[in-house]
Amino acid sequence: MSDEGNIEFKVAILGPRRVGKTSLITALLSESQKLLAGTPVSIASVGTTEARIAQHKNDLRGSLLAGEFHPGALGGTQAPFTFTLSMSVNKTAIVWAILDYPGGWLDARTRGSENDAEWERCKRWISESPVLLLPVDASVLMEATLKREKITAQHLLQIGQTEEMAREWAKGRAVAKQPGLVVIAPVKCESYFNDNGGLVDKNEELYRRVVQAYKPVIDAVRQEMSGTTGLSIQYHPVDTFGCVELQSAEWRAPDGSSEQAPLLFSATYIVRPPGQPNPKGAGGILVSICRQIVEAQSGKGRGFLSELWAWLTGGKRRLRQAVEDLSAVPLGNRVRML
Amino acid sequence: MGSDHTAYLMTAGLSSDDYRFLGRAPKEAFWRRYADYTSFERPSAVVFCKDGAFRAYLSGIASARKDRTKTPLRYTLVMEGQARTPAAESLLFALAAFVGDLVHVKPGPLSPASLGEALDKTFPEEFVEAALSHLRDTDSKDTGPLAEVESRIEKAIAALPRDTHAADCHVRFFCGGRASESARATLVGYAERLLIDGEAGTILIVNLASREHLELMGGTEPSCGVLFAGESGEEAHSDPLEWPPKKGFPGSPKGLPRAFALREVQAEPGLSIPHLGRIILRALRSVRDFFLGRRPANS
Ligand SMILES: Nc1nc2c(ncn2[C@@H]2O[C@H](COP(=O)(O)OP(=O)(O)OP(=O)(O)O)[C@@H](O)[C@H]2O)c(=O)[nH]1
Ligand SMILES: [Mg+2]
């Protein structure tokens with residue numbers, strides 16, 4: 001906590017490369033801004049976050065050119081970056097800080113030894129965060145039908161590594177007797193909902209597949225935190241773009257590979273007219289985080305969240321009111337409690 | 001290449017978009033400290049020269065190669081060695097090409113320019129694929145195709161056009177927008193001083209930070225040249241400006257007098273009266289603080 005009237009709230013994200021971490025963070029920040037428009041809360045990105053978001057938007061615009069979606073225009077993240085957004089009333093602020101990093105770093109083989117030290121810092125960040133976001137590539141899960149495709153999907157989503165890291169996180173929470181929020185956020189799911197411009201509704205199927213694939217992760221967290229109160233695991237499907245539609249998905253064996261080798265997955269998307277990004281579902285994550293903070297008031301007075309609540313209560317009434325108002329925003333039909 | 005200097009190249013290939021150094025990797029990610037000020041995915045440079053040695057990092061160099069999902073790939077080039085050697089000259093050419101290529105950088109996806117094209121010639125797809133698969137299959141970092149990486153980097157740089165556009169730069173601190181031709185030329189002139197004359201200093205080419213971050217980025221450097229901006233409208237002020245080294249120490253010990261820098265920028269349109277006013281005000285405050293024995297205002 002800082003004496004300047006600001007408090008930093010760390011949010012961690014955990015996901016392999018190309019899953020959609022950076023896009024999810026960007027959607028979360030811009031939807032949060034929308035959510036708070038017209039309230040006494042001022043919301044502003046801190047430092048170079050705004051420039052970074054602008055770059056992402058430009059890349060996105062570039063990938064939506066001419067009615068086609070070229071996902072490739074968004075290259076992967078090369079170095080960790082902390083996105084920061086301050087939510088303030090009267091000079092007191094909660095500063096949301098979300099650490100983004102290259103997903104390839106989850107796997108030591110693709111991390112590169114020069115990044116080991118920095119990865120340690122990322123891991124520390126994750127362990128200190130009361131909120132763990134797990135983006136899930138919905139298309140990988142939904143377009144897998146054959147057995148080999150399903151195995152590849154597990155592989156692409158790095159369920160094993162995710163489980164291991166989530167377990168570490170939960171262990172840390174349990175030891176410190178701190179509550180925790182796990183948000184499983186399927187992205188790339190525009191084609192499975194009919195509430196944001198799509199025509200087909202496959203949301204039940206998506207839910208079933210996500211819960212099935214992430215069962216080891218969910219179980220690990222529950223197990224580690226079984227003696228701790230205040231664990232919430234939630235399901236928040238997000239359209240980070242909201243204006244594209246899956247056209248076709250292809251699973252292909254790499255040239256000259258064996259029967260067992262993982263397949264290569266690629267999906268093509270078309271742009272839904274008028275081609276304006278229309279993210280949906282990410283704002284609910286902020287609402288859930290605020291609920292977590294509000295619920296901490298009934299806790300036993302330990303840990304970051306209850307300290308935060310105490311801080312909000314001592315003279316920061318208007319900011320506290322803002323958090324309470326946010327926590328009361330309805331979560332919508334997509335969200336489920338696991 | 002000999003043992004006193006090294007070049008490393010990072011890129012990705014067809015089957016994966018994981019960026020790896022082909023072969024050995026630099027021991028320390030010395031560029032990392034600027035991660036808040038630049039997106040390394042887009043053109044960025046960090047060059048340190050100290051005690052006659054240099055370390056350079058150039059990233060966001062677009063390649064014409066793409067991965068299987070049609071994602072355009074890019075290179076990151078890292079070079080280490082001694083100033084005032086052929087290796088330093090080689091870096092200067094690479095840096096000059098990199099700086100010249102900035103003129104083509106637009107918001108949104110990158111497209112290959114001179115340095116990327118030169119690297120593409122000596123790192124064709126078959127070679128990169130072979131190197132990456134060798135890297136996956138063996139523990140050795142310098143056998144098979146990996147043994148050729150450095151010489152291929154040298155070859156690529158040797159093939160770059162030698163008509164570098166450098167302007168004399170006499171100041172110890174300077175910054176400018178990358179869209180300004182004179183700022184780019186001044187930066188190359190500054191790089192000459194570091195690499196060819198062996199002066200100590202730092203070069204930063206960043207794409208997130210703006211003027212307000214200069215103090216944070218380079219305030220503690222003995223000498224520093226910065227090109228910034230791009231995506232968020234910074235091109236609007238693309239005039240090289242002297243940058244006060246340290247608050248509280250106007251025209252600091254061995255620095256050239258401030259007037260030099262101001263004379264230089266007068267050649268550029270766009271140095272607004274308010275801006276000049278701010279500089280003068282800041283200098284006056286610094287002098288006052290210095291005499292009052294105060295710490296710099298923002299620390
Ligand atoms: N259709 C669709 N594509 C998405 C969505 N979110 C992300 N993508 C695409 O998925 C790819 C990966 O997105 P990123 O956000 O860069 O993924 P990342 O997890 O940050 O990847 P790394 O930085 O490599 O770790 C990009 O090509 C995006 O365009 C989504 O909601 N819908
Ligand atoms: Mg990313």
# chains A, B, ... in the order shown; residues from 1 in each chain; ligands from 1
call {"tool": "interface_residues", "arguments": {"of": "chain B", "to": "chain A", "cutoff": "8 Å", "atoms": "only C-alpha atoms", "output": "ChimeraX atom specification"}}
result
/B:17-21,25-29,32,35-37,39-41,69-73,107-109,208-209,231-232
call {"tool": "residues_around", "arguments": {"residues": "range 234-237 of chain A", "least_positions_apart": "5", "cutoff": "7 Å", "atoms": "only C-alpha atoms", "output": "ChimeraX atom specification"}}
result
/A:182-187,281,334-338
call {"tool": "write_last_selection", "arguments": {"atoms": "N, CA and C atoms", "output": "PDB file, in the first residue's frame"}}
result
ATOM      1  N   VAL A 182     -10.439 -17.205  -9.296  1.00  0.00           N
ATOM      2  CA  VAL A 182      -9.937 -17.765 -10.547  1.00  0.00           C
ATOM      3  C   VAL A 182     -10.983 -17.507 -11.622  1.00  0.00           C
ATOM      4  N   VAL A 183     -10.560 -16.847 -12.693  1.00  0.00           N
ATOM      5  CA  VAL A 183     -11.491 -16.559 -13.785  1.00  0.00           C
ATOM      6  C   VAL A 183     -11.063 -17.360 -15.008  1.00  0.00           C
ATOM      7  N   ILE A 184     -11.888 -18.335 -15.368  1.00  0.00           N
ATOM      8  CA  ILE A 184     -11.624 -19.079 -16.597  1.00  0.00           C
ATOM      9  C   ILE A 184     -12.339 -18.332 -17.710  1.00  0.00           C
ATOM     10  N   ALA A 185     -11.556 -17.785 -18.623  1.00  0.00           N
ATOM     11  CA  ALA A 185     -12.133 -16.890 -19.627  1.00  0.00           C
ATOM     12  C   ALA A 185     -11.921 -17.422 -21.039  1.00  0.00           C
ATOM     13  N   PRO A 186     -12.894 -18.166 -21.563  1.00  0.00           N
ATOM     14  CA  PRO A 186     -12.761 -18.583 -22.958  1.00  0.00           C
ATOM     15  C   PRO A 186     -12.763 -17.353 -23.870  1.00  0.00           C
ATOM     16  N   VAL A 187     -11.799 -17.265 -24.770  1.00  0.00           N
ATOM     17  CA  VAL A 187     -11.783 -16.192 -25.773  1.00  0.00           C
ATOM     18  C   VAL A 187     -11.919 -16.832 -27.150  1.00  0.00           C
ATOM     19  N   GLY A 281     -18.068  -9.109 -22.547  1.00  0.00           N
ATOM     20  CA  GLY A 281     -17.820 -10.099 -21.509  1.00  0.00           C
ATOM     21  C   GLY A 281     -16.642  -9.797 -20.599  1.00  0.00           C
ATOM     22  N   ARG A 334     -23.847 -14.989 -19.566  1.00  0.00           N
ATOM     23  CA  ARG A 334     -22.717 -15.828 -19.968  1.00  0.00           C
ATOM     24  C   ARG A 334     -21.961 -16.394 -18.766  1.00  0.00           C
ATOM     25  N   VAL A 335     -21.947 -15.596 -17.698  1.00  0.00           N
ATOM     26  CA  VAL A 335     -21.075 -15.929 -16.564  1.00  0.00           C
ATOM     27  C   VAL A 335     -21.663 -17.068 -15.736  1.00  0.00           C
ATOM     28  N   ARG A 336     -20.814 -17.962 -15.297  1.00  0.00           N
ATOM     29  CA  ARG A 336     -21.269 -19.038 -14.408  1.00  0.00           C
ATOM     30  C   ARG A 336     -20.290 -19.200 -13.256  1.00  0.00           C
ATOM     31  N   MET A 337     -20.813 -19.629 -12.153  1.00  0.00           N
ATOM     32  CA  MET A 337     -19.963 -19.906 -10.997  1.00  0.00           C
ATOM     33  C   MET A 337     -19.633 -21.390 -11.025  1.00  0.00           C
ATOM     34  N   LEU A 338     -18.369 -21.712 -10.872  1.00  0.00           N
ATOM     35  CA  LEU A 338     -18.002 -23.130 -10.935  1.00  0.00           C
ATOM     36  C   LEU A 338     -17.821 -23.693  -9.524  1.00  0.00           C
TER      37      LEU A 338
END
call {"tool": "closest_residue", "arguments": {"among": "A:Asp219, A:Asp137, A:Glu8, A:Glu250", "to": "ligand 1", "atoms": "only C-alpha atoms and all ligand atoms"}}
result
A:Asp137
call {"tool": "atom_distance", "arguments": {"atom1": "CA of Glu143 in chain A", "atom2": "CA of Glu68 in chain A"}}
result
20.3 Å
call {"tool": "residues_around", "arguments": {"residues": "Ser288 in chain A", "least_positions_apart": "5", "cutoff": "9 Å", "atoms": "only C-alpha atoms", "output": "list in words"}}
result
Leu181, Val183, Gln234, Gly283, Ile293, Leu326, Ser327 and Leu331 of chain A
call {"tool": "write_last_selection", "arguments": {"atoms": "C-alpha atoms", "output": "mmCIF file, in the first residue's frame"}}
result
data_model
loop_
_atom_site.group_PDB
_atom_site.id
_atom_site.type_symbol
_atom_site.label_atom_id
_atom_site.label_comp_id
_atom_site.auth_asym_id
_atom_site.auth_seq_id
_atom_site.Cartn_x
_atom_site.Cartn_y
_atom_site.Cartn_z
ATOM 1 C CA LEU A 181 -10.550 -15.554 -7.528
ATOM 2 C CA VAL A 183 -11.491 -16.559 -13.785
ATOM 3 C CA GLN A 234 -15.821 -18.403 -12.302
ATOM 4 C CA GLY A 283 -16.183 -5.970 -18.085
ATOM 5 C CA ILE A 293 -13.205 -7.022 -2.580
ATOM 6 C CA LEU A 326 -19.402 -1.862 -9.577
ATOM 7 C CA SER A 327 -19.846 -5.039 -7.590
ATOM 8 C CA LEU A 331 -22.938 -10.219 -14.595
#
call {"tool": "decode", "arguments": {"residues": "range 204-218 of chain A", "atoms": "all heavy atoms", "output": "CSV table (one decimal), in the first residue's frame"}}
result
chain,number,residue,atom,x,y,z
A,204,GLU,N,-23.7,-23.9,-24.5
A,204,GLU,CA,-23.7,-25.1,-23.6
A,204,GLU,C,-22.5,-26.0,-23.8
A,204,GLU,O,-21.8,-26.5,-23.0
A,204,GLU,CB,-25.0,-25.8,-23.6
A,204,GLU,CG,-26.2,-25.1,-22.9
A,204,GLU,CD,-25.9,-24.9,-21.4
A,204,GLU,OE1,-25.2,-25.7,-20.8
A,204,GLU,OE2,-26.4,-23.9,-20.9
A,205,GLU,N,-22.4,-26.3,-25.1
A,205,GLU,CA,-21.3,-27.2,-25.6
A,205,GLU,C,-19.9,-26.6,-25.2
A,205,GLU,O,-19.1,-27.3,-24.7
A,205,GLU,CB,-21.4,-27.3,-27.1
A,205,GLU,CG,-20.3,-28.1,-27.8
A,205,GLU,CD,-20.4,-29.6,-27.5
A,205,GLU,OE1,-21.4,-30.1,-26.9
A,205,GLU,OE2,-19.5,-30.3,-27.8
A,206,LEU,N,-19.8,-25.3,-25.4
A,206,LEU,CA,-18.5,-24.7,-25.0
A,206,LEU,C,-18.3,-24.8,-23.5
A,206,LEU,O,-17.2,-25.2,-23.1
A,206,LEU,CB,-18.5,-23.2,-25.4
A,206,LEU,CG,-17.3,-22.4,-24.9
A,206,LEU,CD1,-16.1,-22.8,-25.7
A,206,LEU,CD2,-17.5,-20.9,-25.2
A,207,TYR,N,-19.3,-24.6,-22.7
A,207,TYR,CA,-19.2,-24.7,-21.3
A,207,TYR,C,-18.7,-26.1,-20.9
A,207,TYR,O,-17.8,-26.3,-20.1
A,207,TYR,CB,-20.5,-24.3,-20.6
A,207,TYR,CG,-20.5,-24.5,-19.1
A,207,TYR,CD1,-19.8,-23.7,-18.3
A,207,TYR,CD2,-21.3,-25.5,-18.6
A,207,TYR,CE1,-19.8,-23.9,-16.9
A,207,TYR,CE2,-21.3,-25.7,-17.2
A,207,TYR,CZ,-20.6,-24.9,-16.4
A,207,TYR,OH,-20.6,-25.1,-15.0
A,208,ARG,N,-19.4,-27.0,-21.5
A,208,ARG,CA,-19.1,-28.4,-21.1
A,208,ARG,C,-17.6,-28.8,-21.5
A,208,ARG,O,-16.9,-29.4,-20.7
A,208,ARG,CB,-20.1,-29.3,-21.9
A,208,ARG,CG,-20.5,-30.6,-21.3
A,208,ARG,CD,-21.4,-31.4,-22.1
A,208,ARG,NE,-21.0,-31.5,-23.5
A,208,ARG,CZ,-20.1,-32.3,-24.0
A,208,ARG,NH1,-19.4,-33.1,-23.1
A,208,ARG,NH2,-19.8,-32.4,-25.3
A,209,ARG,N,-17.2,-28.4,-22.6
A,209,ARG,CA,-15.9,-28.7,-23.1
A,209,ARG,C,-14.8,-28.0,-22.2
A,209,ARG,O,-13.8,-28.6,-21.9
A,209,ARG,CB,-15.7,-28.4,-24.5
A,209,ARG,CG,-16.5,-29.3,-25.4
A,209,ARG,CD,-16.0,-29.2,-26.8
A,209,ARG,NE,-16.8,-30.0,-27.7
A,209,ARG,CZ,-16.3,-30.6,-28.9
A,209,ARG,NH1,-15.1,-30.3,-29.3
A,209,ARG,NH2,-17.1,-31.3,-29.6
A,210,VAL,N,-15.1,-26.7,-21.9
A,210,VAL,CA,-14.1,-26.0,-21.1
A,210,VAL,C,-14.0,-26.6,-19.7
A,210,VAL,O,-12.9,-26.9,-19.2
A,210,VAL,CB,-14.5,-24.5,-21.0
A,210,VAL,CG1,-13.6,-23.8,-20.0
A,210,VAL,CG2,-14.4,-23.8,-22.3
A,211,VAL,N,-15.1,-26.9,-19.1
A,211,VAL,CA,-15.1,-27.5,-17.8
A,211,VAL,C,-14.4,-28.8,-17.8
A,211,VAL,O,-13.6,-29.2,-16.9
A,211,VAL,CB,-16.5,-27.5,-17.2
A,211,VAL,CG1,-16.5,-28.3,-15.9
A,211,VAL,CG2,-17.0,-26.1,-16.9
A,212,GLN,N,-14.7,-29.6,-18.8
A,212,GLN,CA,-14.0,-30.9,-18.9
A,212,GLN,C,-12.5,-30.8,-19.1
A,212,GLN,O,-11.7,-31.4,-18.4
A,212,GLN,CB,-14.6,-31.6,-20.1
A,212,GLN,CG,-14.2,-33.1,-20.1
A,212,GLN,CD,-14.8,-33.8,-21.4
A,212,GLN,OE1,-14.9,-33.1,-22.4
A,212,GLN,NE2,-15.0,-35.1,-21.3
A,213,ALA,N,-12.1,-29.9,-20.0
A,213,ALA,CA,-10.7,-29.8,-20.2
A,213,ALA,C,-9.9,-29.2,-19.0
A,213,ALA,O,-8.8,-29.6,-18.8
A,213,ALA,CB,-10.4,-28.9,-21.5
A,214,TYR,N,-10.6,-28.3,-18.3
A,214,TYR,CA,-9.9,-27.6,-17.2
A,214,TYR,C,-10.1,-28.2,-15.9
A,214,TYR,O,-9.7,-27.7,-14.8
A,214,TYR,CB,-10.3,-26.1,-17.2
A,214,TYR,CG,-9.4,-25.4,-18.2
A,214,TYR,CD1,-9.7,-25.5,-19.6
A,214,TYR,CD2,-8.3,-24.6,-17.9
A,214,TYR,CE1,-8.9,-24.9,-20.6
A,214,TYR,CE2,-7.5,-24.0,-18.8
A,214,TYR,CZ,-7.8,-24.2,-20.2
A,214,TYR,OH,-7.0,-23.6,-21.1
A,215,LYS,N,-10.8,-29.4,-15.9
A,215,LYS,CA,-11.0,-30.1,-14.7
A,215,LYS,C,-9.8,-30.3,-13.8
A,215,LYS,O,-9.8,-30.0,-12.6
A,215,LYS,CB,-11.7,-31.4,-14.9
A,215,LYS,CG,-12.3,-32.1,-13.7
A,215,LYS,CD,-13.1,-33.3,-14.0
A,215,LYS,CE,-13.7,-33.9,-12.7
A,215,LYS,NZ,-12.8,-34.3,-11.7
A,216,PRO,N,-8.7,-30.7,-14.4
A,216,PRO,CA,-7.5,-30.9,-13.6
A,216,PRO,C,-7.0,-29.6,-12.9
A,216,PRO,O,-6.6,-29.6,-11.8
A,216,PRO,CB,-6.4,-31.4,-14.6
A,216,PRO,CG,-7.1,-31.8,-15.8
A,216,PRO,CD,-8.5,-31.1,-15.8
A,217,VAL,N,-7.2,-28.5,-13.6
A,217,VAL,CA,-6.8,-27.2,-13.1
A,217,VAL,C,-7.7,-26.8,-11.9
A,217,VAL,O,-7.3,-26.4,-10.8
A,217,VAL,CB,-6.8,-26.1,-14.2
A,217,VAL,CG1,-6.4,-24.8,-13.6
A,217,VAL,CG2,-6.0,-26.5,-15.4
A,218,ILE,N,-9.0,-27.0,-12.2
A,218,ILE,CA,-10.0,-26.6,-11.1
A,218,ILE,C,-9.8,-27.5,-9.9
A,218,ILE,O,-9.8,-27.0,-8.8
A,218,ILE,CB,-11.4,-26.8,-11.7
A,218,ILE,CG1,-11.6,-25.8,-12.9
A,218,ILE,CG2,-12.5,-26.5,-10.6
A,218,ILE,CD1,-12.9,-26.0,-13.7
